[in-house]
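**Q** One file is attached below, entry35.cif, containing mmCIF, C-alpha atoms.
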```cif
data_run
loop_
_atom_site.group_PDB
_atom_site.id
_atom_site.type_symbol
_atom_site.label_atom_id
_atom_site.label_comp_id
_atom_site.auth_asym_id
_atom_site.auth_seq_id
_atom_site.Cartn_x
_atom_site.Cartn_y
_atom_site.Cartn_z
ATOM 1 C CA MET A 365 -40.251 18.957 49.158
ATOM 2 C CA SER A 366 -43.978 19.123 49.815
ATOM 3 C CA GLN A 367 -45.318 20.641 52.995
ATOM 4 C CA GLU A 368 -48.773 19.293 52.201
ATOM 5 C CA THR A 369 -51.460 19.738 54.834
ATOM 6 C CA GLY A 370 -54.265 17.207 54.823
ATOM 7 C CA LEU A 371 -58.006 17.703 55.082
ATOM 8 C CA ARG A 372 -59.387 16.304 58.341
ATOM 9 C CA LEU A 373 -62.759 14.563 58.628
ATOM 10 C CA ALA A 374 -64.321 13.681 61.978
ATOM 11 C CA ALA A 375 -67.513 12.088 63.286
ATOM 12 C CA GLY A 376 -67.967 10.447 66.662
ATOM 13 C CA ASN A 377 -64.568 9.011 67.530
ATOM 14 C CA LEU A 378 -63.606 8.317 63.902
ATOM 15 C CA ARG A 379 -61.029 10.428 62.086
ATOM 16 C CA ALA A 380 -59.550 10.567 58.592
ATOM 17 C CA GLU A 381 -56.995 12.722 56.805
ATOM 18 C CA ILE A 382 -57.019 13.288 53.036
ATOM 19 C CA PHE A 383 -54.257 14.683 50.825
ATOM 20 C CA PRO A 384 -55.874 15.953 47.591
ATOM 21 C CA ARG A 385 -52.600 17.028 45.985
ATOM 22 C CA ILE A 386 -50.909 13.683 46.739
ATOM 23 C CA GLY A 387 -52.917 11.439 44.456
ATOM 24 C CA GLY A 388 -56.218 12.262 46.148
ATOM 25 C CA ALA A 389 -54.981 9.791 48.745
ATOM 26 C CA LEU A 390 -56.104 9.008 52.247
ATOM 27 C CA GLY A 391 -53.333 9.590 54.760
ATOM 28 C CA GLY A 392 -54.988 7.769 57.638
ATOM 29 C CA PHE A 393 -58.227 6.406 59.073
ATOM 30 C CA TRP A 394 -58.385 5.825 62.800
ATOM 31 C CA SER A 395 -60.440 5.834 65.997
ATOM 32 C CA GLU A 396 -59.669 8.163 68.877
ATOM 33 C CA THR A 397 -59.812 6.188 72.128
ATOM 34 C CA SER A 398 -58.920 6.776 75.747
ATOM 35 C CA ASP A 399 -55.786 4.703 75.112
ATOM 36 C CA GLY A 400 -54.786 6.725 72.057
ATOM 37 C CA PRO A 401 -55.460 6.413 68.314
ATOM 38 C CA VAL A 402 -56.279 3.007 66.806
ATOM 39 C CA ASP A 403 -55.321 2.840 63.117
ATOM 40 C CA TRP A 404 -57.677 0.993 60.762
ATOM 41 C CA MET A 405 -55.356 1.636 57.816
ATOM 42 C CA ARG A 406 -51.613 2.071 57.657
ATOM 43 C CA ARG A 407 -50.823 5.655 58.646
ATOM 44 C CA ALA A 408 -49.085 7.667 55.898
ATOM 45 C CA ASP A 409 -45.315 7.617 56.035
ATOM 46 C CA PRO A 410 -44.126 11.183 56.870
ATOM 47 C CA ALA A 411 -41.411 10.789 54.243
ATOM 48 C CA ALA A 412 -44.073 9.919 51.634
ATOM 49 C CA ILE A 413 -46.029 13.047 52.565
ATOM 50 C CA ALA A 414 -42.890 15.160 52.277
ATOM 51 C CA ALA A 415 -42.104 13.621 48.881
ATOM 52 C CA ALA A 416 -45.740 13.771 47.713
ATOM 53 C CA ASP A 417 -45.605 10.006 47.118
ATOM 54 C CA ALA A 418 -49.039 8.390 47.240
ATOM 55 C CA HIS A 419 -47.422 4.946 47.304
ATOM 56 C CA GLY A 420 -46.643 5.504 50.990
ATOM 57 C CA MET A 421 -50.163 6.603 51.930
ATOM 58 C CA ALA A 422 -53.028 4.740 53.620
ATOM 59 C CA CYS A 423 -55.254 4.387 50.545
ATOM 60 C CA TYR A 424 -55.322 5.808 47.019
ATOM 61 C CA PRO A 425 -57.710 5.739 44.038
ATOM 62 C CA LEU A 426 -57.309 3.532 40.989
ATOM 63 C CA VAL A 427 -58.449 5.253 37.782
ATOM 64 C CA PRO A 428 -58.885 4.804 34.835
ATOM 65 C CA PHE A 429 -57.648 1.245 35.409
ATOM 66 C CA SER A 430 -56.307 -0.806 38.279
ATOM 67 C CA ASN A 431 -53.123 -2.760 38.716
ATOM 68 C CA ARG A 432 -50.833 -3.607 35.787
ATOM 69 C CA ILE A 433 -50.882 -3.299 32.012
ATOM 70 C CA ARG A 434 -48.159 -5.484 30.517
ATOM 71 C CA ASP A 435 -45.348 -3.280 29.138
ATOM 72 C CA GLY A 436 -47.835 -0.393 29.087
ATOM 73 C CA ARG A 437 -49.051 -1.634 25.709
ATOM 74 C CA PHE A 438 -52.487 -2.682 24.433
ATOM 75 C CA ALA A 439 -54.882 -2.350 21.507
ATOM 76 C CA PHE A 440 -58.444 -1.095 21.887
ATOM 77 C CA ASP A 441 -61.143 -0.192 19.377
ATOM 78 C CA GLY A 442 -58.678 -0.130 16.497
ATOM 79 C CA ARG A 443 -56.041 1.921 18.353
ATOM 80 C CA ASP A 444 -52.586 0.771 19.385
ATOM 81 C CA ILE A 445 -51.758 2.347 22.743
ATOM 82 C CA GLN A 446 -48.307 2.708 24.315
ATOM 83 C CA LEU A 447 -48.281 4.251 27.787
ATOM 84 C CA PRO A 448 -45.132 5.598 29.468
ATOM 85 C CA LEU A 449 -43.912 3.481 32.371
ATOM 86 C CA ASN A 450 -44.923 5.177 35.625
ATOM 87 C CA PHE A 451 -43.233 3.164 38.381
ATOM 88 C CA LEU A 452 -39.639 2.540 37.326
ATOM 89 C CA PRO A 453 -37.894 0.151 37.379
ATOM 90 C CA HIS A 454 -41.199 -1.763 37.313
ATOM 91 C CA PRO A 455 -41.565 -2.984 33.695
ATOM 92 C CA HIS A 456 -45.330 -2.463 33.475
ATOM 93 C CA VAL A 457 -47.653 0.514 33.793
ATOM 94 C CA ILE A 458 -49.409 0.310 37.147
ATOM 95 C CA HIS A 459 -52.527 1.668 38.916
ATOM 96 C CA GLY A 460 -53.615 4.264 36.342
ATOM 97 C CA HIS A 461 -53.167 8.031 36.678
ATOM 98 C CA GLY A 462 -55.148 9.157 39.700
ATOM 99 C CA TRP A 463 -52.663 8.074 42.359
ATOM 100 C CA GLN A 464 -49.923 10.236 40.794
ATOM 101 C CA ALA A 465 -52.111 13.270 40.070
ATOM 102 C CA ARG A 466 -53.103 16.380 41.977
ATOM 103 C CA TRP A 467 -56.809 16.316 42.733
ATOM 104 C CA GLN A 468 -58.922 19.423 43.188
ATOM 105 C CA VAL A 469 -61.220 19.984 46.167
ATOM 106 C CA ALA A 470 -64.758 20.575 44.908
ATOM 107 C CA GLU A 471 -66.445 20.736 48.325
ATOM 108 C CA THR A 472 -65.532 20.007 51.915
ATOM 109 C CA SER A 473 -66.967 20.070 55.426
ATOM 110 C CA GLU A 474 -66.200 18.514 58.795
ATOM 111 C CA THR A 475 -67.606 15.157 57.682
ATOM 112 C CA MET A 476 -67.174 15.083 53.889
ATOM 113 C CA ALA A 477 -64.839 15.983 51.057
ATOM 114 C CA ASP A 478 -65.467 15.873 47.309
ATOM 115 C CA LEU A 479 -62.372 15.640 45.095
ATOM 116 C CA GLU A 480 -62.024 15.594 41.338
ATOM 117 C CA TYR A 481 -59.316 14.982 38.778
ATOM 118 C CA ARG A 482 -59.685 15.917 35.111
ATOM 119 C CA HIS A 483 -57.419 14.101 32.713
ATOM 120 C CA GLU A 484 -56.729 15.548 29.270
ATOM 121 C CA ALA A 485 -56.038 13.182 26.395
ATOM 122 C CA ASP A 486 -52.360 12.291 26.009
ATOM 123 C CA ALA A 487 -50.712 8.879 25.618
ATOM 124 C CA TRP A 488 -54.008 7.736 27.156
ATOM 125 C CA PRO A 489 -56.075 9.213 24.307
ATOM 126 C CA TRP A 490 -59.343 9.622 26.207
ATOM 127 C CA PRO A 491 -60.162 12.618 28.410
ATOM 128 C CA TYR A 492 -62.056 11.763 31.562
ATOM 129 C CA LEU A 493 -63.279 13.058 34.908
ATOM 130 C CA ALA A 494 -62.541 11.068 38.067
ATOM 131 C CA GLU A 495 -64.300 11.922 41.330
ATOM 132 C CA GLN A 496 -64.039 10.761 44.922
ATOM 133 C CA ARG A 497 -66.504 11.549 47.692
ATOM 134 C CA PHE A 498 -65.352 10.829 51.235
ATOM 135 C CA HIS A 499 -68.050 10.742 53.913
ATOM 136 C CA MET A 500 -67.491 10.144 57.608
ATOM 137 C CA SER A 501 -70.319 9.002 59.862
ATOM 138 C CA ASP A 502 -70.198 8.022 63.518
ATOM 139 C CA ASP A 503 -69.555 4.405 62.574
ATOM 140 C CA ALA A 504 -67.888 4.275 59.136
ATOM 141 C CA LEU A 505 -65.818 5.950 56.449
ATOM 142 C CA THR A 506 -67.372 5.680 52.992
ATOM 143 C CA ILE A 507 -65.571 6.454 49.740
ATOM 144 C CA ALA A 508 -67.538 6.782 46.497
ATOM 145 C CA ILE A 509 -65.412 6.747 43.350
ATOM 146 C CA SER A 510 -66.510 7.442 39.783
ATOM 147 C CA LEU A 511 -65.060 7.730 36.292
ATOM 148 C CA THR A 512 -66.778 9.619 33.428
ATOM 149 C CA ASN A 513 -65.671 9.414 29.794
ATOM 150 C CA LEU A 514 -65.364 12.999 28.512
ATOM 151 C CA GLY A 515 -64.227 11.934 25.048
ATOM 152 C CA ASP A 516 -66.148 11.188 21.878
ATOM 153 C CA THR A 517 -65.077 7.530 21.522
ATOM 154 C CA VAL A 518 -65.453 4.457 23.701
ATOM 155 C CA MET A 519 -62.846 4.216 26.483
ATOM 156 C CA PRO A 520 -61.574 1.097 28.303
ATOM 157 C CA ALA A 521 -62.317 1.701 31.962
ATOM 158 C CA GLY A 522 -61.810 0.399 35.462
ATOM 159 C CA ILE A 523 -61.938 1.746 39.010
ATOM 160 C CA GLY A 524 -61.000 0.670 42.505
ATOM 161 C CA LEU A 525 -59.275 1.560 45.740
ATOM 162 C CA HIS A 526 -55.861 0.543 47.047
ATOM 163 C CA PRO A 527 -56.056 0.487 50.872
ATOM 164 C CA HIS A 528 -53.128 -0.580 53.063
ATOM 165 C CA PHE A 529 -54.013 -2.244 56.353
ATOM 166 C CA PRO A 530 -51.782 -2.821 59.384
ATOM 167 C CA ARG A 531 -50.844 -6.440 60.055
ATOM 168 C CA ASP A 532 -49.349 -8.623 62.734
ATOM 169 C CA ARG A 533 -48.892 -12.378 63.100
ATOM 170 C CA ASP A 534 -52.561 -12.834 64.067
ATOM 171 C CA THR A 535 -54.258 -10.710 61.371
ATOM 172 C CA THR A 536 -56.936 -12.543 59.391
ATOM 173 C CA MET A 537 -59.395 -11.822 56.579
ATOM 174 C CA SER A 538 -62.784 -13.514 56.280
ATOM 175 C CA GLY A 539 -64.902 -13.408 53.137
ATOM 176 C CA SER A 540 -66.125 -15.517 50.238
ATOM 177 C CA VAL A 541 -64.015 -15.870 47.085
ATOM 178 C CA GLU A 542 -64.387 -18.214 44.113
ATOM 179 C CA GLY A 543 -61.522 -17.873 41.633
ATOM 180 C CA PHE A 544 -57.784 -17.275 41.964
ATOM 181 C CA TRP A 545 -55.473 -15.993 39.234
ATOM 182 C CA ASN A 546 -52.064 -17.631 39.239
ATOM 183 C CA SER A 547 -49.271 -15.257 38.228
ATOM 184 C CA ASP A 548 -45.929 -15.397 36.468
ATOM 185 C CA ALA A 549 -42.613 -14.042 37.744
ATOM 186 C CA GLU A 550 -43.644 -10.514 36.720
ATOM 187 C CA VAL A 551 -46.892 -10.822 38.710
ATOM 188 C CA MET A 552 -48.994 -10.980 35.565
ATOM 189 C CA PRO A 553 -51.987 -13.365 35.362
ATOM 190 C CA THR A 554 -51.534 -16.776 33.746
ATOM 191 C CA THR A 555 -54.302 -19.252 34.625
ATOM 192 C CA LEU A 556 -57.570 -18.983 36.554
ATOM 193 C CA GLY A 557 -58.198 -21.693 39.129
ATOM 194 C CA SER A 558 -60.186 -22.316 42.275
ATOM 195 C CA ALA A 559 -59.543 -20.099 45.273
ATOM 196 C CA GLU A 560 -59.904 -23.181 47.492
ATOM 197 C CA VAL A 561 -56.212 -24.006 47.133
ATOM 198 C CA VAL A 562 -55.245 -20.654 48.694
ATOM 199 C CA TRP A 563 -58.280 -19.522 50.678
ATOM 200 C CA PRO A 564 -60.629 -22.418 51.550
ATOM 201 C CA ALA A 565 -64.310 -21.614 51.960
ATOM 202 C CA ASN A 566 -65.488 -20.625 55.442
ATOM 203 C CA THR A 567 -61.871 -20.320 56.613
ATOM 204 C CA PRO A 568 -60.147 -17.081 57.619
ATOM 205 C CA LEU A 569 -57.046 -16.250 55.610
ATOM 206 C CA HIS A 570 -54.081 -15.689 57.950
ATOM 207 C CA VAL A 571 -52.327 -12.779 56.287
ATOM 208 C CA ASP A 572 -48.904 -13.461 57.795
ATOM 209 C CA ARG A 573 -48.852 -17.089 56.603
ATOM 210 C CA VAL A 574 -49.159 -16.458 52.857
ATOM 211 C CA THR A 575 -47.261 -14.470 50.240
ATOM 212 C CA LEU A 576 -49.702 -13.157 47.670
ATOM 213 C CA ASP A 577 -49.872 -10.555 44.930
ATOM 214 C CA ASN A 578 -52.847 -12.032 43.122
ATOM 215 C CA CYS A 579 -56.368 -11.373 41.965
ATOM 216 C CA PHE A 580 -59.345 -13.203 43.476
ATOM 217 C CA THR A 581 -62.589 -13.312 41.504
ATOM 218 C CA GLY A 582 -66.156 -13.843 42.609
ATOM 219 C CA TRP A 583 -65.667 -12.344 46.049
ATOM 220 C CA GLY A 584 -68.768 -11.557 48.066
ATOM 221 C CA LYS A 585 -67.921 -7.830 48.286
ATOM 222 C CA THR A 586 -67.750 -8.045 52.076
ATOM 223 C CA LEU A 587 -64.499 -8.604 53.919
ATOM 224 C CA ASP A 588 -63.914 -8.761 57.673
ATOM 225 C CA ILE A 589 -60.377 -7.979 58.783
ATOM 226 C CA ARG A 590 -59.551 -9.017 62.346
ATOM 227 C CA TRP A 591 -56.719 -8.151 64.674
ATOM 228 C CA PRO A 592 -56.503 -9.203 68.326
ATOM 229 C CA GLY A 593 -59.378 -7.424 70.074
ATOM 230 C CA ARG A 594 -60.756 -5.509 67.094
ATOM 231 C CA ALA A 595 -62.192 -5.879 63.586
ATOM 232 C CA LEU A 596 -63.033 -3.847 60.474
ATOM 233 C CA ARG A 597 -65.655 -4.615 57.814
ATOM 234 C CA VAL A 598 -64.927 -3.603 54.220
ATOM 235 C CA LYS A 599 -68.020 -3.591 52.005
ATOM 236 C CA ALA A 600 -68.187 -2.744 48.294
ATOM 237 C CA LEU A 601 -71.204 -1.669 46.263
ATOM 238 C CA GLY A 602 -71.155 -1.540 42.489
ATOM 239 C CA PRO A 603 -69.085 -3.381 39.873
ATOM 240 C CA LEU A 604 -66.071 -4.141 42.098
ATOM 241 C CA ASP A 605 -66.156 -7.866 41.374
ATOM 242 C CA ASN A 606 -62.453 -8.563 41.907
ATOM 243 C CA LEU A 607 -60.169 -8.394 44.932
ATOM 244 C CA ILE A 608 -56.404 -7.947 44.690
ATOM 245 C CA VAL A 609 -54.597 -9.276 47.758
ATOM 246 C CA PHE A 610 -50.997 -8.234 48.414
ATOM 247 C CA THR A 611 -49.176 -9.678 51.428
ATOM 248 C CA PRO A 612 -45.483 -8.785 51.050
ATOM 249 C CA PRO A 613 -43.335 -10.860 53.418
ATOM 250 C CA GLY A 614 -41.718 -9.113 56.334
ATOM 251 C CA ARG A 615 -43.781 -5.929 56.011
ATOM 252 C CA SER A 616 -46.045 -4.262 58.559
ATOM 253 C CA PHE A 617 -48.976 -3.901 56.136
ATOM 254 C CA PHE A 618 -51.016 -5.801 53.586
ATOM 255 C CA CYS A 619 -53.448 -4.717 50.867
ATOM 256 C CA ALA A 620 -56.932 -5.919 49.965
ATOM 257 C CA GLU A 621 -58.036 -3.904 46.938
ATOM 258 C CA PRO A 622 -61.637 -3.924 45.659
ATOM 259 C CA VAL A 623 -61.380 -3.392 41.886
ATOM 260 C CA SER A 624 -63.617 -3.688 38.855
ATOM 261 C CA HIS A 625 -61.341 -5.752 36.620
ATOM 262 C CA ILE A 626 -58.547 -8.309 36.719
ATOM 263 C CA ILE A 627 -54.861 -7.546 36.230
ATOM 264 C CA ASP A 628 -53.946 -6.616 32.619
ATOM 265 C CA ALA A 629 -57.628 -6.685 31.674
ATOM 266 C CA VAL A 630 -57.130 -4.566 28.531
ATOM 267 C CA ASN A 631 -54.958 -7.313 27.038
ATOM 268 C CA MET A 632 -56.707 -10.308 28.601
ATOM 269 C CA ALA A 633 -60.048 -9.085 27.200
ATOM 270 C CA GLU A 634 -58.854 -9.956 23.699
ATOM 271 C CA THR A 635 -59.436 -13.637 24.473
ATOM 272 C CA ARG A 636 -61.749 -13.596 27.532
ATOM 273 C CA ASP A 637 -65.143 -12.138 28.363
ATOM 274 C CA ASP A 638 -64.793 -12.316 32.162
ATOM 275 C CA THR A 639 -62.122 -9.687 32.800
ATOM 276 C CA GLY A 640 -64.459 -7.016 34.180
ATOM 277 C CA LEU A 641 -63.113 -4.413 31.743
ATOM 278 C CA VAL A 642 -65.807 -1.861 30.869
ATOM 279 C CA ALA A 643 -66.133 -0.221 27.455
ATOM 280 C CA LEU A 644 -67.273 3.191 28.667
ATOM 281 C CA ALA A 645 -69.298 5.122 26.097
ATOM 282 C CA PRO A 646 -68.887 8.892 25.660
ATOM 283 C CA GLY A 647 -70.571 10.667 28.566
ATOM 284 C CA GLU A 648 -71.067 7.422 30.484
ATOM 285 C CA THR A 649 -70.012 7.032 34.144
ATOM 286 C CA LEU A 650 -68.638 4.016 36.000
ATOM 287 C CA ASP A 651 -69.046 4.273 39.768
ATOM 288 C CA ALA A 652 -68.798 2.307 42.995
ATOM 289 C CA THR A 653 -68.758 2.777 46.761
ATOM 290 C CA ILE A 654 -66.603 1.179 49.476
ATOM 291 C CA SER A 655 -67.249 1.492 53.195
ATOM 292 C CA PHE A 656 -64.850 0.818 56.065
ATOM 293 C CA ARG A 657 -66.726 0.098 59.302
ATOM 294 C CA PRO A 658 -65.113 -0.799 62.648
ATOM 295 C CA LEU A 659 -67.057 -3.652 64.215
ATOM 296 C CA PRO A 660 -68.175 -3.699 67.859
#
```
Kindly return the structure encoded in the file as structure tokens.
**A**
Amino acid sequence: MSQETGLRLAAGNLRAEIFPRIGGALGGFWSETSDGPVDWMRRADPAAIAAADAHGMACYPLVPFSNRIRDGRFAFDGRDIQLPLNFLPHPHVIHGHGWQARWQVAETSETMADLEYRHEADAWPWPYLAEQRFHMSDDALTIAISLTNLGDTVMPAGIGLHPHFPRDRDTTMSGSVEGFWNSDAEVMPTTLGSAEVVWPANTPLHVDRVTLDNCFTGWGKTLDIRWPGRALRVKALGPLDNLIVFTPPGRSFFCAEPVSHIIDAVNMAETRDDTGLVALAPGETLDATISFRPLP
């Protein structure tokens, strides 16, 4: 059992805890107030910390791809790739490698932490370097994430973050979205339609009134999450053009994941040019930044 101790960041009344060896994951992000801590993300489950399970954390990185690859199988640049399943009994490979890896601390201070994860070629035949930079200011937590191809051939690439937010019956999300991927019984994309049928324009989405595990396209890269008496703004910079929304029924959290490509992009890209999948050249870097800012 892990007795992992997290890295603490602090600025003003904002606090965060990071667990480099548990998927480079964030264990919590909160405000210290006179009435006690106010969590902006789901606080890490103590059992998940003990088991070194990033799936129970507040937020974890998605590299070198996000979400699912059907059956862990795809073809790219003349290669047939078969990845080992990494979330049994789930039938598809999910969320890449970073969330299940031990990250190294490159630099840290009271307000920042730089983490890195180096992946050697294996069933995923491209070596790469993934980096996260956490920075805490008096009014926001910012996470910069990057992926660099260390190999000598082009690599399919994607990045993103997987934050978990607390929810209650009144939690809403406000933001602009254009497209909505319908999914099959295995939560794999089928057809792309208008987001209006699920999330009408200029209308907050009531998280507790929908059951979603779907990808939205064309989002405005700014999302306001509101709970009674408080709000958080999530803002993405860079090629994070897709938003995965997961609202499991009966749970105390939901997810809104800024990501660079759609679900199963490596296979969908065979017939579409709008998947967001990046062909990352040797030595090239894909990067993005996401900020989480409590609103007055």
**Q** List the residues matched by the PyMOL selection byres ((chain A and resi 388-401) around 7) in the displayed structure as a ChimeraX atom specification, ordered by chain and then by residue number.
**A** /A:377-387,402-408,418,421-425,463,466-467
**Q** Can you work out which one of A:Glu621, A:Asp486, A:Glu471, A:Asp605 has the shortest atom-to-atom distance to His528 in chain A, counting all atoms listed in the file?
**A**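 Ranked by minimum distance to His528 in chain A, first place goes to A:Glu621.
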**Q** Could you tell me which of A:Pro660, A:Gly582, A:Pro568, A:Pro613 comes closest to Asp638 in chain A if we count all atoms listed in the file?
**A** A:Gly582
**Q** If you take only C-alpha atoms and a cut-off of 9 Å, which residues of range 613-660 of chain A touch range 498-510 of chain A, and what are their nearest atom pairs and distances in Å to one decimal, in chain and number order, as CSV?
**A**
```
residue,atom,partner,partner_atom,distance
A:Thr649,CA,A:Ser510,CA,6.7
A:Leu650,CA,A:Ser510,CA,5.5
A:Asp651,CA,A:Ser510,CA,4.1
A:Ala652,CA,A:Ile509,CA,5.6
A:Thr653,CA,A:Ala508,CA,4.2
A:Ile654,CA,A:Ile507,CA,5.4
A:Ser655,CA,A:Thr506,CA,4.2
A:Phe656,CA,A:Leu505,CA,5.2
A:Arg657,CA,A:Ala504,CA,4.3
A:Pro658,CA,A:Ala504,CA,6.8
A:Leu659,CA,A:Asp503,CA,8.6
```
**Q** Convert the output of the PyMOL selection byres ((chain A and resi 541) around 6) on the shown file into explicit residues, formatted as a PyMOL selection string.
**A** chain A and resi 540+542+582-583
**Q** Kindly indicate which residue among A:Val561, A:Ile445, A:Met552, A:Ala416 lies nearest to Pro489 in chain A, using only C-alpha atoms for the distances.
**A**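 Of all the options, A:Ile445 lies closest to Pro489 in chain A.
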**Q** Show me, as a PyMOL selection string, the residues that have an atom within 12 Å of Asn546 in chain A when counting only C-alpha atoms, minus same-chain residues fewer than 6 positions from it.
**A** chain A and resi 552-559+561-562+576-581+608+626-627
**Q** Which centre and edge lengths in Å to one decimal define the box along x, y and z that fits every listed atom of range 504-520 of chain A plus 4 Å per side, as lines of an AutoDock Vina configuration file?
**A**
```
center_x = -64.7
center_y = 7.0
center_z = 40.3
size_x = 14.3
size_y = 19.9
size_z = 45.6
```
**Q** Given the choices A:Thr475, A:Thr639, A:Ser624, A:Thr517, which gets closest to Ala374 in chain A if the distance is worked out from all atoms listed in the file?
**A**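 The closest residue to Ala374 in chain A is A:Thr475.
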**Q** Kindly extract all protein, DNA and RNA residues lying within 8 Å of the coordinates (-61.7, 12.8, 38.1) given in the file, considering only C-alpha atoms, and supply them as a PDB file with C-alpha atoms, in the frame of the given file.
**A**
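So the final result, stored in selection30.pdb, reads:
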```pdb
ATOM      1  CA  GLY A 462     -55.148   9.157  39.700  1.00  0.00           C
ATOM      2  CA  TRP A 467     -56.809  16.316  42.733  1.00  0.00           C
ATOM      3  CA  LEU A 479     -62.372  15.640  45.095  1.00  0.00           C
ATOM      4  CA  GLU A 480     -62.024  15.594  41.338  1.00  0.00           C
ATOM      5  CA  TYR A 481     -59.316  14.982  38.778  1.00  0.00           C
ATOM      6  CA  ARG A 482     -59.685  15.917  35.111  1.00  0.00           C
ATOM      7  CA  HIS A 483     -57.419  14.101  32.713  1.00  0.00           C
ATOM      8  CA  TYR A 492     -62.056  11.763  31.562  1.00  0.00           C
ATOM      9  CA  LEU A 493     -63.279  13.058  34.908  1.00  0.00           C
ATOM     10  CA  ALA A 494     -62.541  11.068  38.067  1.00  0.00           C
ATOM     11  CA  GLU A 495     -64.300  11.922  41.330  1.00  0.00           C
ATOM     12  CA  GLN A 496     -64.039  10.761  44.922  1.00  0.00           C
ATOM     13  CA  SER A 510     -66.510   7.442  39.783  1.00  0.00           C
ATOM     14  CA  LEU A 511     -65.060   7.730  36.292  1.00  0.00           C
ATOM     15  CA  THR A 512     -66.778   9.619  33.428  1.00  0.00           C
TER      16      THR A 512
END
```
**Q** Nearest to Asn631 in chain A: which of A:Val571, A:Leu373, A:Leu426, A:Ile433 is it, counting all atoms listed in the file?
**A**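 With all atoms listed in the file as the atom set, the closest residue is A:Ile433.
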**Q** Distance CA of Phe529 in chain A-CA of Arg573 in chain A, one decimal place?
**A** 15.7 Å
**Q** Between CA of Thr575 in chain A and CA of Val630 in chain A, measure the distance and give it in Å to one decimal.
**A**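 Distance between the two atoms: 25.8 Å.
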**Q** For the atom pair CA of Trp490 in chain A and CA of Asn431 in chain A, what is the interatomic distance in Å to one decimal place?
**A**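 One can read the CA of Trp490 in chain A to CA of Asn431 in chain A distance as 18.7 Å.
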**Q** Starting from the PyMOL selection byres ((chain A and resi 447) around 12), expand the selection into actual residues of this file and give them as a list in words.
**A**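 Evaluating the PyMOL selection byres ((chain A and resi 447) around 12) on these coordinates yields Arg432, Ile433, Arg434, Asp435, Gly436, Arg437, Phe438, Ala439, Asp444, Ile445, Gln446, Pro448, Leu449, Asn450, Phe451, Pro455, His456, Val457, Ile458, Gly460, His461, Ala485, Asp486, Ala487, Trp488 and Pro489 of chain A.
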**Q** Taking into account only C-alpha atoms, which residue in the set A:Arg615, A:His526, A:His459, A:Lys599 is nearest to Asp572 in chain A?
**A**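 Distance minimum relative to Asp572 in chain A lands on A:Arg615.
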**Q** Counting all atoms listed in the file, I want the residues whose atoms come within 10 Å of (-68.1, 9.0, 26.7) in the file frame, returned as a list in words.
**A**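 Residues found, by chain and rising number: Trp490, Pro491, Tyr492, Thr512, Asn513, Leu514, Gly515, Asp516, Thr517, Val518, Met519, Ala643, Leu644, Ala645, Pro646, Gly647, Glu648 and Thr649 of chain A.
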